[in-house]
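Listing of input.cif, mmCIF, C-alpha atoms
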```cif
data_run
loop_
_atom_site.label_atom_id
_atom_site.label_comp_id
_atom_site.auth_asym_id
_atom_site.auth_seq_id
_atom_site.Cartn_x
_atom_site.Cartn_y
_atom_site.Cartn_z
CA MET Q 735 -33.94 -67.57 -46.06
CA GLN Q 736 -33.34 -64.81 -48.59
CA SER Q 737 -31.69 -65.36 -51.97
CA ILE Q 738 -29.02 -62.77 -52.78
CA SER Q 739 -27.92 -64.38 -56.05
CA ASP Q 740 -28.40 -67.76 -57.72
CA SER Q 741 -25.97 -69.36 -55.24
CA VAL Q 742 -25.85 -67.04 -52.22
CA TYR Q 743 -28.42 -66.97 -49.41
CA ILE Q 744 -28.70 -65.13 -46.12
CA GLU Q 745 -30.79 -65.60 -42.98
CA ASP Q 746 -31.45 -62.79 -40.51
CA HIS Q 747 -34.22 -64.47 -38.53
CA TYR Q 748 -32.05 -65.89 -35.74
CA LEU Q 749 -30.64 -63.99 -32.79
CA GLY Q 750 -27.03 -62.94 -33.29
CA ALA Q 751 -25.19 -62.32 -36.55
CA THR Q 752 -26.58 -62.41 -40.08
CA LEU Q 753 -25.99 -65.92 -41.43
CA GLY Q 754 -24.92 -66.74 -44.96
CA VAL Q 755 -24.48 -69.77 -47.15
CA ILE Q 756 -22.83 -70.09 -50.55
CA GLN Q 757 -23.93 -73.02 -52.69
CA GLN Q 758 -21.07 -74.64 -54.62
CA PRO Q 759 -20.67 -77.92 -56.56
CA ARG Q 760 -18.32 -79.25 -53.88
CA GLY Q 761 -20.64 -78.30 -51.00
CA LEU Q 762 -21.85 -75.45 -48.81
CA ILE Q 763 -19.69 -72.60 -47.52
CA GLN Q 764 -21.43 -71.23 -44.43
CA VAL Q 765 -20.85 -67.78 -42.99
CA ASP Q 766 -21.18 -67.57 -39.20
CA ALA Q 767 -23.52 -69.54 -36.91
CA PRO Q 768 -26.35 -68.64 -34.51
CA PRO Q 769 -25.34 -68.63 -30.81
CA ALA Q 770 -28.46 -70.38 -29.46
CA PRO Q 771 -28.23 -74.22 -29.75
CA GLU Q 772 -31.83 -74.63 -30.88
CA ASP Q 773 -31.32 -72.00 -33.59
CA GLY Q 774 -28.18 -73.81 -34.71
CA ARG Q 775 -30.09 -77.07 -35.10
CA ALA Q 776 -32.87 -75.29 -37.01
CA TRP Q 777 -30.32 -73.62 -39.31
CA ARG Q 778 -28.61 -76.95 -40.04
CA ALA Q 779 -31.98 -78.45 -40.92
CA ALA Q 780 -32.75 -75.55 -43.25
CA LEU Q 781 -29.42 -76.01 -45.03
CA MET Q 782 -30.30 -79.62 -45.83
CA GLY Q 783 -32.83 -78.29 -48.32
CA ILE Q 784 -30.12 -76.62 -50.41
CA GLY Q 785 -28.82 -78.95 -53.08
CA SER Q 786 -25.03 -79.12 -53.36
CA GLY Q 787 -22.05 -81.39 -52.93
CA PRO Q 788 -21.39 -83.22 -49.64
CA GLU Q 789 -18.68 -80.96 -48.16
CA ARG Q 790 -19.37 -78.34 -45.49
CA VAL Q 791 -17.18 -75.55 -44.11
CA LEU Q 792 -17.92 -72.64 -41.77
CA VAL Q 793 -16.29 -69.21 -42.06
CA ASN Q 794 -16.26 -67.02 -38.93
CA LEU Q 795 -15.98 -63.33 -39.81
CA ASP Q 796 -14.37 -62.55 -36.44
CA ALA Q 797 -14.13 -63.94 -32.90
CA HIS Q 798 -17.28 -62.36 -31.44
CA PRO Q 799 -19.34 -64.88 -29.40
CA ASP Q 800 -22.53 -63.91 -31.25
CA ARG Q 801 -21.13 -65.58 -34.39
CA THR Q 802 -18.74 -68.18 -32.92
CA LEU Q 803 -20.62 -69.73 -29.98
CA GLY Q 804 -22.69 -71.93 -32.29
CA ALA Q 805 -19.82 -73.09 -34.50
CA ARG Q 806 -19.65 -76.56 -32.91
CA THR Q 807 -23.34 -77.13 -33.67
CA MET Q 808 -22.58 -76.76 -37.38
CA ASP Q 809 -20.37 -79.88 -37.15
CA CYS Q 810 -17.86 -78.93 -39.86
CA SER Q 811 -14.39 -77.43 -40.29
CA VAL Q 812 -14.04 -73.78 -39.29
CA ILE Q 813 -12.03 -71.15 -41.19
CA ALA Q 814 -11.03 -67.79 -39.70
CA HIS Q 815 -8.26 -65.24 -39.75
CA GLU Q 816 -5.06 -66.10 -37.90
CA LYS Q 817 -5.71 -63.34 -35.36
CA THR Q 818 -9.15 -64.79 -34.67
CA ALA Q 819 -7.54 -68.20 -34.20
CA ALA Q 820 -5.10 -66.58 -31.76
CA VAL Q 821 -8.03 -65.36 -29.66
CA PHE Q 822 -9.22 -68.95 -29.28
CA ARG Q 823 -5.78 -70.10 -28.23
CA VAL Q 824 -6.03 -67.98 -25.07
CA ARG Q 825 -9.72 -68.62 -24.37
CA PRO Q 826 -10.77 -71.41 -21.99
CA THR Q 827 -11.94 -74.53 -23.86
CA THR Q 828 -15.47 -73.99 -22.56
CA PHE Q 829 -17.62 -70.87 -22.44
CA LYS Q 830 -19.72 -70.15 -19.35
CA ALA Q 831 -22.57 -67.71 -19.78
CA GLN Q 832 -22.61 -65.08 -17.06
CA GLY Q 833 -23.61 -61.45 -16.72
CA ASN Q 834 -24.90 -58.87 -19.20
CA GLU Q 835 -21.73 -56.87 -19.52
CA THR Q 836 -20.99 -56.30 -23.19
CA GLY Q 837 -24.45 -55.65 -24.69
CA SER Q 838 -24.10 -58.67 -27.00
CA ASP Q 839 -27.05 -60.72 -28.24
CA TRP Q 840 -25.82 -63.97 -26.67
CA GLU Q 841 -26.30 -62.38 -23.23
CA THR Q 842 -30.09 -62.36 -23.81
CA ILE Q 843 -30.30 -66.13 -24.43
CA PRO Q 844 -31.88 -67.81 -21.37
CA GLY Q 845 -30.29 -70.96 -20.01
CA LEU Q 846 -27.31 -70.91 -22.34
CA GLY Q 847 -25.09 -72.59 -19.75
CA THR Q 848 -21.69 -74.00 -20.68
CA VAL Q 849 -20.70 -74.27 -24.34
CA ARG Q 850 -17.59 -75.83 -25.85
CA TRP Q 851 -15.84 -73.61 -28.36
CA ALA Q 852 -15.02 -74.87 -31.85
CA PRO Q 853 -11.68 -73.14 -32.60
CA PRO Q 854 -10.75 -72.54 -36.25
CA GLU Q 855 -8.99 -75.50 -37.85
CA ILE Q 856 -7.88 -73.48 -40.88
CA SER Q 857 -6.53 -69.92 -40.71
CA PHE Q 858 -4.83 -67.41 -43.00
CA THR Q 859 -3.14 -64.02 -42.81
CA ASN Q 860 -4.08 -61.64 -45.64
CA GLN Q 861 -6.20 -63.54 -48.13
CA MET Q 862 -7.51 -67.02 -48.83
CA ILE Q 863 -9.37 -68.21 -51.94
CA LEU Q 864 -11.73 -71.20 -51.92
CA HIS Q 865 -12.16 -73.02 -55.24
CA TRP Q 866 -15.24 -75.17 -54.68
CA GLY Q 867 -16.60 -74.56 -58.16
CA GLU Q 868 -16.21 -72.13 -61.03
CA LYS Q 869 -16.72 -69.13 -58.76
CA ARG Q 870 -13.91 -67.87 -56.53
CA ILE Q 871 -14.82 -67.31 -52.90
CA VAL Q 872 -12.34 -64.76 -51.52
CA LEU Q 873 -11.68 -64.36 -47.80
CA GLU Q 874 -9.87 -61.11 -46.98
CA GLN Q 875 -8.69 -59.45 -43.79
CA HIS Q 876 -10.29 -56.05 -43.19
CA PRO Q 877 -9.49 -54.98 -39.61
CA GLY Q 878 -11.63 -52.41 -37.88
CA PRO Q 879 -14.20 -54.12 -35.65
CA SER Q 880 -11.34 -56.42 -34.56
CA SER Q 881 -7.84 -57.25 -35.77
CA GLY Q 882 -9.05 -60.60 -37.14
CA ALA Q 883 -12.14 -59.28 -38.94
CA ILE Q 884 -12.57 -60.58 -42.49
CA TRP Q 885 -14.91 -60.26 -45.44
CA VAL Q 886 -16.25 -62.98 -47.71
CA VAL Q 887 -16.27 -61.69 -51.29
CA ILE Q 888 -17.95 -63.42 -54.24
CA PRO Q 889 -16.69 -61.32 -57.20
CA ASP Q 890 -18.74 -63.13 -59.88
CA ASP Q 891 -21.98 -62.39 -58.04
CA LYS Q 892 -20.85 -58.99 -56.72
CA VAL Q 893 -21.73 -59.95 -53.15
CA VAL Q 894 -19.64 -59.18 -50.06
CA PHE Q 895 -20.24 -60.23 -46.45
CA VAL Q 896 -18.72 -57.39 -44.41
CA GLY Q 897 -19.39 -58.63 -40.87
CA ASP Q 898 -19.62 -56.01 -38.12
CA ALA Q 899 -17.98 -53.35 -40.27
CA VAL Q 900 -21.58 -52.28 -41.01
CA LEU Q 901 -24.48 -52.71 -38.56
CA LYS Q 902 -28.06 -51.70 -39.30
CA ASN Q 903 -29.89 -49.62 -36.68
CA GLN Q 904 -27.69 -50.70 -33.77
CA PRO Q 905 -24.50 -49.39 -32.22
CA PRO Q 906 -21.10 -50.86 -33.04
CA PHE Q 907 -18.95 -53.09 -30.87
CA VAL Q 908 -15.84 -50.99 -30.27
CA ALA Q 909 -14.12 -52.64 -27.29
CA HIS Q 910 -11.65 -54.54 -29.51
CA ALA Q 911 -11.79 -52.17 -32.47
CA ASP Q 912 -9.28 -50.05 -34.33
CA LEU Q 913 -11.32 -46.98 -35.26
CA PRO Q 914 -8.95 -45.50 -37.89
CA ALA Q 915 -8.78 -48.91 -39.60
CA TRP Q 916 -12.58 -49.20 -39.37
CA ILE Q 917 -13.03 -45.81 -41.01
CA GLU Q 918 -10.62 -46.80 -43.78
CA THR Q 919 -12.54 -50.03 -44.30
CA LEU Q 920 -15.83 -48.18 -44.73
CA GLU Q 921 -14.26 -45.75 -47.18
CA LEU Q 922 -13.12 -48.76 -49.23
CA LEU Q 923 -16.70 -50.06 -49.39
CA LEU Q 924 -17.80 -46.71 -50.78
CA SER Q 925 -15.04 -46.66 -53.40
CA PRO Q 926 -15.51 -47.58 -57.10
CA GLU Q 927 -13.99 -51.00 -56.35
CA TYR Q 928 -17.26 -52.09 -54.74
CA ARG Q 929 -19.69 -50.22 -56.96
CA GLY Q 930 -22.66 -52.43 -57.83
CA TYR Q 931 -22.02 -54.89 -54.99
CA THR Q 932 -24.63 -56.21 -52.60
CA PHE Q 933 -23.40 -55.63 -49.06
CA VAL Q 934 -24.39 -58.10 -46.35
CA SER Q 935 -24.20 -56.53 -42.90
CA GLY Q 936 -23.06 -58.63 -39.97
CA ARG Q 937 -26.34 -57.74 -38.27
CA GLY Q 938 -29.49 -56.74 -40.10
CA GLY Q 939 -29.27 -58.35 -43.54
CA THR Q 940 -28.33 -56.41 -46.65
CA ALA Q 941 -27.07 -52.84 -46.30
CA SER Q 942 -27.33 -49.92 -48.71
CA THR Q 943 -24.62 -47.40 -49.47
CA THR Q 944 -26.67 -44.96 -47.37
CA ALA Q 945 -26.28 -47.29 -44.38
CA ILE Q 946 -22.54 -47.50 -45.01
CA LYS Q 947 -22.27 -43.72 -45.17
CA SER Q 948 -24.19 -43.45 -41.89
CA GLN Q 949 -21.84 -45.99 -40.32
CA LEU Q 950 -18.85 -44.01 -41.55
CA GLU Q 951 -20.23 -40.79 -40.07
CA LEU Q 952 -20.88 -42.52 -36.75
CA MET Q 953 -17.42 -44.09 -36.50
CA SER Q 954 -15.78 -40.79 -37.44
CA GLU Q 955 -17.77 -38.98 -34.74
CA ILE Q 956 -16.90 -41.58 -32.10
CA HIS Q 957 -13.21 -41.38 -33.03
CA GLU Q 958 -13.23 -37.58 -33.00
CA LYS Q 959 -14.84 -37.38 -29.55
CA LEU Q 960 -12.49 -39.95 -28.04
CA GLU Q 961 -9.48 -38.17 -29.53
CA ARG Q 962 -10.69 -34.92 -28.00
CA MET Q 963 -11.08 -36.57 -24.60
CA ALA Q 964 -7.60 -38.05 -24.85
CA SER Q 965 -6.12 -34.63 -25.69
CA LYS Q 966 -7.52 -33.42 -22.35
CA SER Q 967 -6.14 -36.49 -20.52
CA GLN Q 968 -9.59 -37.51 -19.32
CA SER Q 969 -10.14 -40.87 -17.61
CA PRO Q 970 -11.88 -43.92 -19.15
CA GLU Q 971 -14.82 -43.27 -16.80
CA SER Q 972 -15.41 -40.01 -18.68
CA THR Q 973 -16.66 -41.96 -21.69
CA GLU Q 974 -19.91 -42.45 -19.75
CA LYS Q 975 -21.09 -39.01 -20.84
CA LEU Q 976 -20.98 -40.13 -24.48
CA VAL Q 977 -23.10 -43.24 -24.02
CA GLU Q 978 -26.64 -41.81 -24.14
CA THR Q 979 -25.68 -39.40 -26.93
CA PHE Q 980 -24.79 -42.28 -29.22
CA ALA Q 981 -27.47 -44.68 -27.94
CA ASN Q 982 -30.20 -42.17 -28.80
CA LYS Q 983 -29.19 -42.28 -32.45
CA PHE Q 984 -30.87 -45.71 -32.73
CA LYS Q 985 -34.61 -46.40 -32.58
CA ALA Q 986 -35.30 -49.36 -30.30
CA SER Q 987 -37.65 -50.77 -27.69
CA SER Q 988 -36.86 -50.00 -24.05
CA ALA Q 989 -35.23 -53.41 -23.52
CA ARG Q 990 -33.21 -53.10 -26.71
CA HIS Q 991 -32.21 -49.53 -25.80
CA LYS Q 992 -30.92 -50.77 -22.45
CA GLN Q 993 -28.83 -53.38 -24.30
CA PHE Q 994 -27.47 -50.73 -26.67
CA VAL Q 995 -26.54 -48.47 -23.75
CA GLN Q 996 -24.61 -51.29 -22.12
CA ARG Q 997 -22.88 -52.15 -25.42
CA LEU Q 998 -21.70 -48.58 -25.81
CA ARG Q 999 -20.77 -48.19 -22.14
CA TYR Q 1000 -18.60 -51.32 -22.24
CA GLY Q 1001 -17.15 -50.65 -25.67
CA LEU Q 1002 -16.26 -46.98 -25.30
CA ARG Q 1003 -14.68 -47.43 -21.89
CA HIS Q 1004 -12.57 -50.43 -22.92
CA TYR Q 1005 -11.53 -48.87 -26.23
CA TYR Q 1006 -10.47 -45.63 -24.53
CA ALA Q 1007 -8.55 -47.44 -21.80
CA ARG Q 1008 -6.79 -49.66 -24.31
CA HIS Q 1009 -5.82 -46.98 -26.83
CA TYR Q 1010 -5.33 -43.84 -24.76
CA HIS Q 1011 -5.15 -44.47 -21.04
CA MET Q 1012 -3.06 -47.61 -20.59
CA GLY Q 1013 -0.51 -46.71 -23.26
CA SER Q 1014 1.26 -48.69 -25.92
CA ALA Q 1015 2.73 -51.19 -23.44
CA ALA Q 1016 -0.73 -52.42 -22.46
CA GLU Q 1017 -1.78 -52.63 -26.11
CA GLU Q 1018 1.28 -54.71 -26.92
#
```

Mind converting the file's structure to structure tokens?
Amino acid sequence: MQSISDSVYIEDHYLGATLGVIQQPRGLIQVDAPPAPEDGRAWRAALMGIGSGPERVLVNLDAHPDRTLGARTMDCSVIAHEKTAAVFRVRPTTFKAQGNETGSDWETIPGLGTVRWAPPEISFTNQMILHWGEKRIVLEQHPGPSSGAIWVVIPDDKVVFVGDAVLKNQPPFVAHADLPAWIETLELLLSPEYRGYTFVSGRGGTASTTAIKSQLELMSEIHEKLERMASKSQSPESTEKLVETFANKFKASSARHKQFVQRLRYGLRHYYARHYHMGSAAEE
């Protein structure tokens, strides 16, 4: 576990999303959960060593299974954006692991089986502030990776958990994204408003401004190429020719490269079909 400030810690050892915990007099505010059950139990045990009040709450930064599958293991109330809560309202009550379609980390967990979701019990629209001590913990909607994506901002400590808005040395998940909103979100992180902040990536621990700039360049390039394809009325299958180009931008083992290729193949095709090929009626 890595200390980011005197009350904020992160853990990037487990498979899935970067985990966070904010120590407050009232209790612990957790950010995301590991998808593997054994990792969830280990994380809960590690949190017992952090002194704080008795309360516990879990914040999910979006609806991605890599950060929400293990929510029930945390055994506490879950907070998320209203649009993330809406995703759970149309999901089956149980999750059945099958296939390696999306290039997500949970797909590499052996024997995952059937898992019961823990839908958010508390949701909000634009912003929510937790007062569990002298420090304000601000939850804000910042769409891009998904419509329900949020950040956790601790202004007093100048720390911000940005979720999958920024990923370190791995390709983005774009299937449910809004690329113009994502680009706008990254530009905000690079603005004077967040100067001096420590940025916690949704995958890979802390991120530098250089990493954010690289992410911005990548998202802009993806958007530009998809726009160009759409102007020529190309089919969703045509996105296949972009996959290796973007996958080769990331250094990875052969197994990890294969996962990245699948992530991009799934994401680019679904994004293109949703935004350009199926039309506004399908999006609605």

Can you list what the PyMOL selection byres ((chain Q and resi 868) around 10) grabs from this structure, as an MDAnalysis selection string?
chainID Q and resid 758:759 865:867 869:871 890

Export C-alpha atoms of the chosen residues as a tab-separated table (two decimals), keeping the file's coordinate frame?
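Contents of again.tsv, as written:
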```
chain	number	residue	atom	x	y	z
Q	758	GLN	CA	-21.07	-74.64	-54.62
Q	759	PRO	CA	-20.67	-77.92	-56.56
Q	865	HIS	CA	-12.16	-73.02	-55.24
Q	866	TRP	CA	-15.24	-75.17	-54.68
Q	867	GLY	CA	-16.60	-74.56	-58.16
Q	869	LYS	CA	-16.72	-69.13	-58.76
Q	870	ARG	CA	-13.91	-67.87	-56.53
Q	871	ILE	CA	-14.82	-67.31	-52.90
Q	890	ASP	CA	-18.74	-63.13	-59.88
```

Q:Thr807, Q:Gln996, Q:Arg775, Q:Ile888 ranked by distance to Ser741 in chain Q, top pick (using only C-alpha atoms):
Q:Ile888

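For the pair CA of Lys985 in chain Q and CA of Val765 in chain Q, the interatomic distance is 27.5 Å.
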
List as a compact mmCIF listing (two decimals) with C-alpha atoms, in the coordinates of the input the protein and nucleic acid residues near range 872-881 of chain Q, meaning an atom at most 9 Å away when all atoms listed in the file are counted, but skip any in the same chain fewer than 2 places from it.
```txt
# COMPACT_ATOMS: atom_id res chain seq x y z
CA VAL Q 793 -16.29 -69.21 -42.06
CA ASP Q 796 -14.37 -62.55 -36.44
CA ALA Q 797 -14.13 -63.94 -32.90
CA HIS Q 798 -17.28 -62.36 -31.44
CA ALA Q 814 -11.03 -67.79 -39.70
CA HIS Q 815 -8.26 -65.24 -39.75
CA LYS Q 817 -5.71 -63.34 -35.36
CA THR Q 818 -9.15 -64.79 -34.67
CA PHE Q 858 -4.83 -67.41 -43.00
CA THR Q 859 -3.14 -64.02 -42.81
CA ASN Q 860 -4.08 -61.64 -45.64
CA GLN Q 861 -6.20 -63.54 -48.13
CA MET Q 862 -7.51 -67.02 -48.83
CA ILE Q 863 -9.37 -68.21 -51.94
CA LEU Q 864 -11.73 -71.20 -51.92
CA ARG Q 870 -13.91 -67.87 -56.53
CA ALA Q 883 -12.14 -59.28 -38.94
CA ILE Q 884 -12.57 -60.58 -42.49
CA TRP Q 885 -14.91 -60.26 -45.44
CA VAL Q 886 -16.25 -62.98 -47.71
CA VAL Q 887 -16.27 -61.69 -51.29
CA ILE Q 888 -17.95 -63.42 -54.24
CA PRO Q 889 -16.69 -61.32 -57.20
CA VAL Q 896 -18.72 -57.39 -44.41
CA GLY Q 897 -19.39 -58.63 -40.87
CA ASP Q 898 -19.62 -56.01 -38.12
CA ALA Q 899 -17.98 -53.35 -40.27
CA PRO Q 906 -21.10 -50.86 -33.04
CA PHE Q 907 -18.95 -53.09 -30.87
CA VAL Q 908 -15.84 -50.99 -30.27
CA ALA Q 909 -14.12 -52.64 -27.29
CA HIS Q 910 -11.65 -54.54 -29.51
CA ALA Q 911 -11.79 -52.17 -32.47
CA ASP Q 912 -9.28 -50.05 -34.33
CA LEU Q 913 -11.32 -46.98 -35.26
CA PRO Q 914 -8.95 -45.50 -37.89
CA ALA Q 915 -8.78 -48.91 -39.60
CA TRP Q 916 -12.58 -49.20 -39.37
CA ILE Q 917 -13.03 -45.81 -41.01
CA GLU Q 918 -10.62 -46.80 -43.78
CA THR Q 919 -12.54 -50.03 -44.30
```

Which residue gives the smallest distance to Asp800 in chain Q among Q:Arg937, Q:His1009, Q:Arg825, Q:Arg778, with all atoms listed in the file counted?
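So, comparing all the options, the nearest one is Q:Arg937.
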
Residues near Glu835 in chain Q, anyone? I mean within 10 Å using all atoms listed in the file, not counting same-chain ones fewer than 4 positions away, as an NGL selection string.
:Q and (841 or 993 or 996-997 or 999-1001)

Given the selection you just returned, output its residues as a file containing C-alpha atoms, formatted as a CSV table (one decimal), in the frame of the given file.
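File part15.csv, as written:
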```
chain,number,residue,atom,x,y,z
Q,841,GLU,CA,-26.3,-62.4,-23.2
Q,993,GLN,CA,-28.8,-53.4,-24.3
Q,996,GLN,CA,-24.6,-51.3,-22.1
Q,997,ARG,CA,-22.9,-52.2,-25.4
Q,999,ARG,CA,-20.8,-48.2,-22.1
Q,1000,TYR,CA,-18.6,-51.3,-22.2
Q,1001,GLY,CA,-17.2,-50.6,-25.7
```

Picked residues, the PyMOL selection byres ((chain Q and resi 806) around 12), as a ChimeraX atom specification
/Q:766-771,774-775,778,791-792,794,801-805,807-812,828,849-855

Pick the closest to Leu901 in chain Q from Q:Asp740, Q:Thr944, Q:Gln949, Q:Glu921: which is it, counting all atoms listed in the file?
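For Leu901 in chain Q, the nearest of the given residues is Q:Gln949.
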
Find the distance between CA of His1004 in chain Q and CA of Glu978 in chain Q and write it in Å to one decimal.
16.5 Å

Considering only C-alpha atoms, return as a list in words whatever protein or nucleic-acid residues lie within 9 Å of Gly930 in chain Q, sequence-local ones (same chain, fewer than 3 positions apart) excluded.
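Once the adjacent positions are removed, what remains is Lys892, Val893, Pro926 and Glu927 of chain Q.
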
Using C-alpha atoms, can you export the residues from the last selection as a short mmCIF file (atom, residue, chain, number, x, y, z; two decimals), keeping the file's coordinate frame?
```cif
data_model
loop_
_atom_site.label_atom_id
_atom_site.label_comp_id
_atom_site.auth_asym_id
_atom_site.auth_seq_id
_atom_site.Cartn_x
_atom_site.Cartn_y
_atom_site.Cartn_z
CA LYS Q 892 -20.85 -58.99 -56.72
CA VAL Q 893 -21.73 -59.95 -53.15
CA PRO Q 926 -15.51 -47.58 -57.10
CA GLU Q 927 -13.99 -51.00 -56.35
#
```

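Distances here use only C-alpha atoms; by that measure, the residue among Q:Tyr1010, Q:Phe895, Q:Phe822, Q:Tyr931 closest to Val755 in chain Q is Q:Phe895.
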
Near Gly939 in chain Q, within 8 Å and counting all atoms listed in the file, which residues show up once chain neighbours fewer than 2 positions away are dropped, as a PDB file with C-alpha atoms, keeping the file's coordinate frame?
```
ATOM      1  CA  ILE Q 744     -28.700 -65.130 -46.120  1.00  0.00           C
ATOM      2  CA  GLU Q 745     -30.790 -65.600 -42.980  1.00  0.00           C
ATOM      3  CA  ASP Q 746     -31.450 -62.790 -40.510  1.00  0.00           C
ATOM      4  CA  THR Q 752     -26.580 -62.410 -40.080  1.00  0.00           C
ATOM      5  CA  LYS Q 902     -28.060 -51.700 -39.300  1.00  0.00           C
ATOM      6  CA  VAL Q 934     -24.390 -58.100 -46.350  1.00  0.00           C
ATOM      7  CA  SER Q 935     -24.200 -56.530 -42.900  1.00  0.00           C
ATOM      8  CA  GLY Q 936     -23.060 -58.630 -39.970  1.00  0.00           C
ATOM      9  CA  ARG Q 937     -26.340 -57.740 -38.270  1.00  0.00           C
ATOM     10  CA  ALA Q 941     -27.070 -52.840 -46.300  1.00  0.00           C
TER      11      ALA Q 941
END
```

Residues in the PyMOL selection byres ((chain Q and resi 956-970) around 6), expressed as an mmCIF file with C-alpha atoms, in the coordinates of the input:
```cif
data_model
loop_
_atom_site.group_PDB
_atom_site.id
_atom_site.type_symbol
_atom_site.label_atom_id
_atom_site.label_comp_id
_atom_site.auth_asym_id
_atom_site.auth_seq_id
_atom_site.Cartn_x
_atom_site.Cartn_y
_atom_site.Cartn_z
ATOM 1 C CA MET Q 953 -17.420 -44.090 -36.500
ATOM 2 C CA SER Q 954 -15.780 -40.790 -37.440
ATOM 3 C CA GLU Q 955 -17.770 -38.980 -34.740
ATOM 4 C CA GLU Q 971 -14.820 -43.270 -16.800
ATOM 5 C CA SER Q 972 -15.410 -40.010 -18.680
ATOM 6 C CA THR Q 973 -16.660 -41.960 -21.690
ATOM 7 C CA ARG Q 1003 -14.680 -47.430 -21.890
ATOM 8 C CA TYR Q 1006 -10.470 -45.630 -24.530
ATOM 9 C CA ALA Q 1007 -8.550 -47.440 -21.800
#
```

Rounded to one decimal place, report the CA of Asn903 in chain Q-CA of Gly938 in chain Q distance in Å.
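We find that CA of Asn903 in chain Q and CA of Gly938 in chain Q lie 7.9 Å from each other.
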
Give the answer as one residue: which of Q:Leu922, Q:Leu846, Q:Ser988, Q:Leu950 has the shortest atom-to-atom distance to Phe829 in chain Q, using all atoms listed in the file?
Q:Leu846

Quick one: of Q:Ser942, Q:Ser838, Q:Thr932, Q:Gln904, who's nearest to His991 in chain Q, counting all atoms listed in the file?
Q:Gln904

Where is the centre and how long are the edges: axis-aligned box on range 856-872 of chain Q, 4 Å on each side, Å to one decimal, as lines of an AutoDock Vina configuration file:
```
center_x = -9.9
center_y = -68.4
center_z = -50.9
size_x = 21.6
size_y = 21.5
size_z = 28.3
```
